[in-house]
file protein-v4.pdb (PDB, C-alpha atoms, pLDDT in the B column)
MODEL        1
ATOM      1  CA  LEU B   1      10.927   0.912   4.498  1.00 43.00           C
ATOM      2  CA  GLY B   2       9.841  -2.416   5.922  1.00 44.00           C
ATOM      3  CA  LEU B   3      10.611  -1.702   9.576  1.00 48.00           C
ATOM      4  CA  GLY B   4       7.050  -2.230  10.801  1.00 55.00           C
ATOM      5  CA  MET B   5       5.269  -5.457  11.587  1.00 56.00           C
ATOM      6  CA  VAL B   6       2.336  -7.331  10.099  1.00 57.00           C
ATOM      7  CA  GLY B   7       0.379  -9.736  12.238  1.00 57.00           C
ATOM      8  CA  THR B   8      -2.764 -11.123  13.768  1.00 45.00           C
ATOM      9  CA  ARG B   9      -4.201 -11.095  17.254  1.00 47.00           C
ATOM     10  CA  ARG B  10      -4.462 -14.447  18.975  1.00 46.00           C
ATOM     11  CA  SER B  11      -7.428 -15.124  21.226  1.00 43.00           C
ATOM     12  CA  GLN B  12      -5.149 -14.711  24.260  1.00 43.00           C
ATOM     13  CA  GLY B  13      -4.368 -11.163  23.148  1.00 43.00           C
ATOM     14  CA  MET B  14      -0.783 -11.951  22.128  1.00 37.00           C
ATOM     15  CA  LYS B  15       0.385 -10.716  18.781  1.00 49.00           C
ATOM     16  CA  ASN B  16       1.792 -13.072  16.160  1.00 52.00           C
ATOM     17  CA  VAL B  17       3.959 -10.871  13.940  1.00 65.00           C
ATOM     18  CA  LEU B  18       6.194 -11.023  10.912  1.00 74.00           C
ATOM     19  CA  PRO B  19       8.591  -8.260   9.931  1.00 83.00           C
ATOM     20  CA  ALA B  20       7.009  -6.061   7.248  1.00 82.00           C
ATOM     21  CA  TRP B  21      10.062  -6.447   5.011  1.00 89.00           C
ATOM     22  CA  ILE B  22       9.117 -10.086   4.311  1.00 90.00           C
ATOM     23  CA  PRO B  23       6.291  -9.321   1.834  1.00 91.00           C
ATOM     24  CA  VAL B  24       8.520  -6.709   0.189  1.00 93.00           C
ATOM     25  CA  TRP B  25      11.295  -9.298  -0.142  1.00 93.00           C
ATOM     26  CA  LEU B  26       8.878 -11.850  -1.633  1.00 95.00           C
ATOM     27  CA  VAL B  27       7.704  -9.398  -4.305  1.00 95.00           C
ATOM     28  CA  VAL B  28      11.163  -8.024  -5.209  1.00 96.00           C
ATOM     29  CA  SER B  29      12.834 -11.451  -5.268  1.00 94.00           C
ATOM     30  CA  GLY B  30       9.964 -12.690  -7.443  1.00 95.00           C
ATOM     31  CA  LEU B  31      10.729  -9.989  -9.997  1.00 97.00           C
ATOM     32  CA  VAL B  32      14.386 -11.068 -10.084  1.00 96.00           C
ATOM     33  CA  VAL B  33      13.416 -14.738 -10.434  1.00 95.00           C
ATOM     34  CA  LEU B  34      11.039 -13.928 -13.308  1.00 96.00           C
ATOM     35  CA  TRP B  35      13.762 -11.882 -15.022  1.00 97.00           C
ATOM     36  CA  ASP B  36      16.110 -14.857 -14.741  1.00 95.00           C
ATOM     37  CA  GLY B  37      13.476 -17.310 -15.942  1.00 95.00           C
ATOM     38  CA  GLY B  38      12.589 -14.996 -18.801  1.00 97.00           C
ATOM     39  CA  TYR B  39      16.186 -15.084 -19.994  1.00 97.00           C
ATOM     40  CA  VAL B  40      16.221 -18.877 -19.990  1.00 96.00           C
ATOM     41  CA  LEU B  41      12.812 -19.386 -21.555  1.00 96.00           C
ATOM     42  CA  MET B  42      13.322 -16.720 -24.241  1.00 97.00           C
ATOM     43  CA  ARG B  43      16.618 -18.141 -25.519  1.00 95.00           C
ATOM     44  CA  PRO B  44      18.007 -17.697 -28.159  1.00 95.00           C
ATOM     45  CA  ARG B  45      16.285 -14.308 -28.499  1.00 97.00           C
ATOM     46  CA  SER B  46      17.533 -13.245 -25.052  1.00 97.00           C
ATOM     47  CA  MET B  47      21.140 -14.246 -25.751  1.00 96.00           C
ATOM     48  CA  PRO B  48      23.870 -12.050 -27.287  1.00 95.00           C
ATOM     49  CA  GLY B  49      22.884 -11.380 -30.874  1.00 95.00           C
ATOM     50  CA  GLY B  50      19.187 -11.853 -30.124  1.00 96.00           C
ATOM     51  CA  ASP B  51      16.650  -9.071 -30.600  1.00 97.00           C
ATOM     52  CA  LEU B  52      15.722  -9.113 -26.878  1.00 97.00           C
ATOM     53  CA  HIS B  53      19.251  -9.327 -25.486  1.00 97.00           C
ATOM     54  CA  PHE B  54      19.147  -5.680 -24.316  1.00 97.00           C
ATOM     55  CA  ILE B  55      16.753  -6.752 -21.521  1.00 97.00           C
ATOM     56  CA  TRP B  56      19.217  -9.351 -20.230  1.00 97.00           C
ATOM     57  CA  LYS B  57      22.563  -7.682 -21.023  1.00 96.00           C
ATOM     58  CA  PRO B  58      24.227  -8.828 -17.729  1.00 95.00           C
ATOM     59  CA  TYR B  59      23.650 -12.448 -18.758  1.00 95.00           C
ATOM     60  CA  GLU B  60      26.345 -12.086 -21.406  1.00 94.00           C
ATOM     61  CA  LEU B  61      28.871 -12.222 -18.552  1.00 94.00           C
ATOM     62  CA  TYR B  62      26.852 -14.653 -16.435  1.00 92.00           C
ATOM     63  CA  GLY B  63      26.761 -17.147 -19.320  1.00 91.00           C
ATOM     64  CA  LYS B  64      30.560 -17.287 -19.077  1.00 89.00           C
ATOM     65  CA  ILE B  65      30.441 -17.976 -15.330  1.00 89.00           C
ATOM     66  CA  ASP B  66      27.579 -20.498 -15.273  1.00 87.00           C
ATOM     67  CA  LEU B  67      27.811 -22.285 -18.603  1.00 87.00           C
ATOM     68  CA  LEU B  68      24.290 -23.651 -18.198  1.00 88.00           C
ATOM     69  CA  TYR B  69      23.201 -20.122 -19.155  1.00 91.00           C
ATOM     70  CA  GLY B  70      25.559 -19.985 -22.138  1.00 90.00           C
ATOM     71  CA  ARG B  71      25.067 -20.714 -25.814  1.00 91.00           C
ATOM     72  CA  GLU B  72      26.800 -24.107 -25.759  1.00 89.00           C
ATOM     73  CA  ALA B  73      24.396 -25.584 -23.196  1.00 88.00           C
ATOM     74  CA  PHE B  74      21.441 -24.139 -25.082  1.00 92.00           C
ATOM     75  CA  GLU B  75      22.598 -25.496 -28.425  1.00 93.00           C
ATOM     76  CA  SER B  76      23.357 -28.924 -26.933  1.00 90.00           C
ATOM     77  CA  GLY B  77      19.668 -29.271 -26.096  1.00 90.00           C
ATOM     78  CA  ASP B  78      20.264 -29.608 -22.346  1.00 87.00           C
ATOM     79  CA  GLY B  79      16.797 -28.964 -20.940  1.00 90.00           C
ATOM     80  CA  PHE B  80      17.716 -28.765 -17.260  1.00 90.00           C
ATOM     81  CA  ASN B  81      17.838 -24.969 -17.183  1.00 91.00           C
ATOM     82  CA  GLN B  82      14.460 -24.641 -18.903  1.00 93.00           C
ATOM     83  CA  ALA B  83      12.932 -27.128 -16.439  1.00 93.00           C
ATOM     84  CA  GLN B  84      14.381 -25.174 -13.522  1.00 92.00           C
ATOM     85  CA  ALA B  85      13.103 -21.883 -14.955  1.00 94.00           C
ATOM     86  CA  THR B  86       9.630 -23.382 -15.396  1.00 95.00           C
ATOM     87  CA  MET B  87       9.671 -24.476 -11.732  1.00 93.00           C
ATOM     88  CA  ASN B  88      10.208 -20.800 -10.871  1.00 93.00           C
ATOM     89  CA  LEU B  89       6.678 -19.927 -11.978  1.00 95.00           C
ATOM     90  CA  PRO B  90       4.695 -21.667  -9.192  1.00 95.00           C
ATOM     91  CA  GLU B  91       7.394 -20.605  -6.718  1.00 95.00           C
ATOM     92  CA  VAL B  92       6.897 -16.925  -7.585  1.00 96.00           C
ATOM     93  CA  ALA B  93       3.120 -17.374  -7.600  1.00 96.00           C
ATOM     94  CA  LEU B  94       3.262 -18.710  -4.029  1.00 96.00           C
ATOM     95  CA  HIS B  95       5.523 -15.852  -2.947  1.00 95.00           C
ATOM     96  CA  TRP B  96       3.291 -13.186  -4.468  1.00 96.00           C
ATOM     97  CA  LEU B  97       0.122 -14.784  -3.110  1.00 95.00           C
ATOM     98  CA  ALA B  98       1.776 -14.870   0.319  1.00 94.00           C
ATOM     99  CA  ALA B  99       2.708 -11.183   0.073  1.00 93.00           C
ATOM    100  CA  TRP B 100      -0.840 -10.324  -0.999  1.00 92.00           C
ATOM    101  CA  CYS B 101      -2.293 -12.234   1.977  1.00 91.00           C
ATOM    102  CA  MET B 102       0.061 -10.451   4.346  1.00 88.00           C
ATOM    103  CA  ALA B 103      -0.869  -7.038   2.962  1.00 85.00           C
ATOM    104  CA  LYS B 104      -4.596  -7.566   2.375  1.00 76.00           C
ATOM    105  CA  ASP B 105      -6.017  -8.595   5.689  1.00 66.00           C
ATOM    106  CA  ARG B 106      -4.559  -8.989   9.118  1.00 67.00           C
ATOM    107  CA  GLY B 107      -6.425 -12.283   9.437  1.00 72.00           C
ATOM    108  CA  ALA B 108      -4.668 -13.683   6.366  1.00 84.00           C
ATOM    109  CA  VAL B 109      -1.142 -13.227   7.713  1.00 85.00           C
ATOM    110  CA  ARG B 110      -0.927 -16.815   8.929  1.00 86.00           C
ATOM    111  CA  LEU B 111      -2.008 -18.116   5.533  1.00 90.00           C
ATOM    112  CA  GLY B 112       0.528 -15.777   3.937  1.00 90.00           C
ATOM    113  CA  ALA B 113       3.267 -17.095   6.226  1.00 90.00           C
ATOM    114  CA  LEU B 114       2.356 -20.676   5.315  1.00 92.00           C
ATOM    115  CA  LEU B 115       2.387 -19.875   1.584  1.00 94.00           C
ATOM    116  CA  ALA B 116       5.721 -18.063   1.948  1.00 93.00           C
ATOM    117  CA  PHE B 117       7.139 -21.088   3.771  1.00 94.00           C
ATOM    118  CA  ALA B 118       5.923 -23.414   0.998  1.00 95.00           C
ATOM    119  CA  GLY B 119       7.482 -21.152  -1.640  1.00 94.00           C
ATOM    120  CA  GLN B 120      10.764 -21.007   0.271  1.00 93.00           C
ATOM    121  CA  LEU B 121      10.820 -24.815   0.503  1.00 95.00           C
ATOM    122  CA  MET B 122      10.463 -24.905  -3.276  1.00 93.00           C
ATOM    123  CA  THR B 123      13.324 -22.414  -3.581  1.00 92.00           C
ATOM    124  CA  PHE B 124      15.525 -24.464  -1.257  1.00 94.00           C
ATOM    125  CA  TRP B 125      14.995 -27.796  -3.009  1.00 94.00           C
ATOM    126  CA  LYS B 126      15.287 -26.264  -6.471  1.00 90.00           C
ATOM    127  CA  THR B 127      18.599 -24.704  -5.419  1.00 90.00           C
ATOM    128  CA  ALA B 128      19.760 -28.025  -3.957  1.00 93.00           C
ATOM    129  CA  MET B 129      18.826 -29.794  -7.201  1.00 90.00           C
ATOM    130  CA  TYR B 130      20.623 -27.158  -9.271  1.00 85.00           C
ATOM    131  CA  SER B 131      23.774 -27.497  -7.145  1.00 86.00           C
ATOM    132  CA  LEU B 132      23.708 -31.303  -7.166  1.00 89.00           C
ATOM    133  CA  ASN B 133      23.203 -31.308 -10.929  1.00 85.00           C
ATOM    134  CA  ASP B 134      26.389 -29.277 -11.295  1.00 81.00           C
ATOM    135  CA  ILE B 135      28.327 -31.466  -8.841  1.00 84.00           C
ATOM    136  CA  PHE B 136      27.411 -34.766 -10.497  1.00 86.00           C
ATOM    137  CA  ARG B 137      27.634 -33.552 -14.107  1.00 80.00           C
ATOM    138  CA  GLU B 138      30.996 -34.173 -15.743  1.00 79.00           C
ATOM    139  CA  PRO B 139      32.216 -31.653 -16.551  1.00 73.00           C
ATOM    140  CA  GLY B 140      30.122 -29.342 -14.395  1.00 67.00           C
ATOM    141  CA  TYR B 141      28.821 -26.095 -15.786  1.00 71.00           C
ATOM    142  CA  THR B 142      30.671 -24.048 -13.159  1.00 69.00           C
ATOM    143  CA  SER B 143      33.784 -26.218 -12.536  1.00 68.00           C
ATOM    144  CA  HIS B 144      35.811 -24.090 -14.951  1.00 68.00           C
ATOM    145  CA  ASN B 145      35.642 -21.332 -12.312  1.00 66.00           C
ATOM    146  CA  ASP B 146      37.628 -23.360  -9.733  1.00 63.00           C
TER     147      ASP B 146
ENDMDL
END
call {"tool": "encode", "arguments": {"input": "protein-v4.pdb", "output": "structure tokens"}}
result
Amino acid sequence: LGLGMVGTRRSQGMKNVLPAWIPVWLVVSGLVVLWDGGYVLMRPRSMPGGDLHFIWKPYELYGKIDLLYGREAFESGDGFNQAQATMNLPEVALHWLAAWCMAKDRGAVRLGALLAFAGQLMTFWKTAMYSLNDIFREPGYTSHND
């Protein structure tokens, strides 16, 4: 399961390789990110009491840990979480396109690696923005956990 390598041959005969688990990781993590974004973008139907809550049952607890996912933040009209969830869509698209390039053709591995890198940069800066938003917001949505 993902122990092989994907790669291309350089003109010098050296092999440029990536571990085969990388495309698997990009696809699986994309599913998790879409599940998370689905919860946010389908609120209030995805929240406790909503007709779709059964799909996102673990978020009942998570909404108590990260209040940005809870009912109070939703009802206050705070749009940060929806904006962040919307930014997930091009991020996942880049990850899945990268995985497809890596799996489709050995010559497309470099393009796939570049797309994966671009998607990971998006993930990094989105995570940094999310964390900074919580640090500078008074009170923060996770400070009650301290």
call {"tool": "atom_distance", "arguments": {"input": "protein-v4.pdb", "atom1": "CA of Val40 (chain B)", "atom2": "CA of Gly63 (chain B)"}}
result
10.7 Å
call {"tool": "closest_residue", "arguments": {"input": "protein-v4.pdb", "among": "B:Pro139, B:Met102, B:Asn88, B:Leu97", "to": "Lys126 (chain B)", "atoms": "all atoms listed in the file"}}
result
B:Asn88
call {"tool": "resolve_selection", "arguments": {"input": "protein-v4.pdb", "expression": "the PyMOL selection byres ((chain B and resi 26) around 8)", "output": "ChimeraX atom specification"}}
result
/B:22-25,27-30,95-96,98-99,116
call {"tool": "write_last_selection", "arguments": {"input": "protein-v4.pdb", "atoms": "C-alpha atoms", "output": "JSON list (two decimals), in the frame of the given file"}}
result
[["chain", "number", "residue", "atom", "x", "y", "z"],
["B", 22, "ILE", "CA", 9.12, -10.09, 4.31],
["B", 23, "PRO", "CA", 6.29, -9.32, 1.83],
["B", 24, "VAL", "CA", 8.52, -6.71, 0.19],
["B", 25, "TRP", "CA", 11.30, -9.30, -0.14],
["B", 27, "VAL", "CA", 7.70, -9.40, -4.30],
["B", 28, "VAL", "CA", 11.16, -8.02, -5.21],
["B", 29, "SER", "CA", 12.83, -11.45, -5.27],
["B", 30, "GLY", "CA", 9.96, -12.69, -7.44],
["B", 95, "HIS", "CA", 5.52, -15.85, -2.95],
["B", 96, "TRP", "CA", 3.29, -13.19, -4.47],
["B", 98, "ALA", "CA", 1.78, -14.87, 0.32],
["B", 99, "ALA", "CA", 2.71, -11.18, 0.07],
["B", 116, "ALA", "CA", 5.72, -18.06, 1.95]]
call {"tool": "resolve_selection", "arguments": {"input": "protein-v4.pdb", "expression": "the PyMOL selection byres ((chain B and resi 46) around 12)", "output": "count of residues only"}}
result
30
call {"tool": "atom_distance", "arguments": {"input": "protein-v4.pdb", "atom1": "CA of Val33 (chain B)", "atom2": "CA of Glu138 (chain B)"}}
result
26.7 Å
call {"tool": "atom_distance", "arguments": {"input": "protein-v4.pdb", "atom1": "CA of Leu94 (chain B)", "atom2": "CA of Asp78 (chain B)"}}
result
27.3 Å
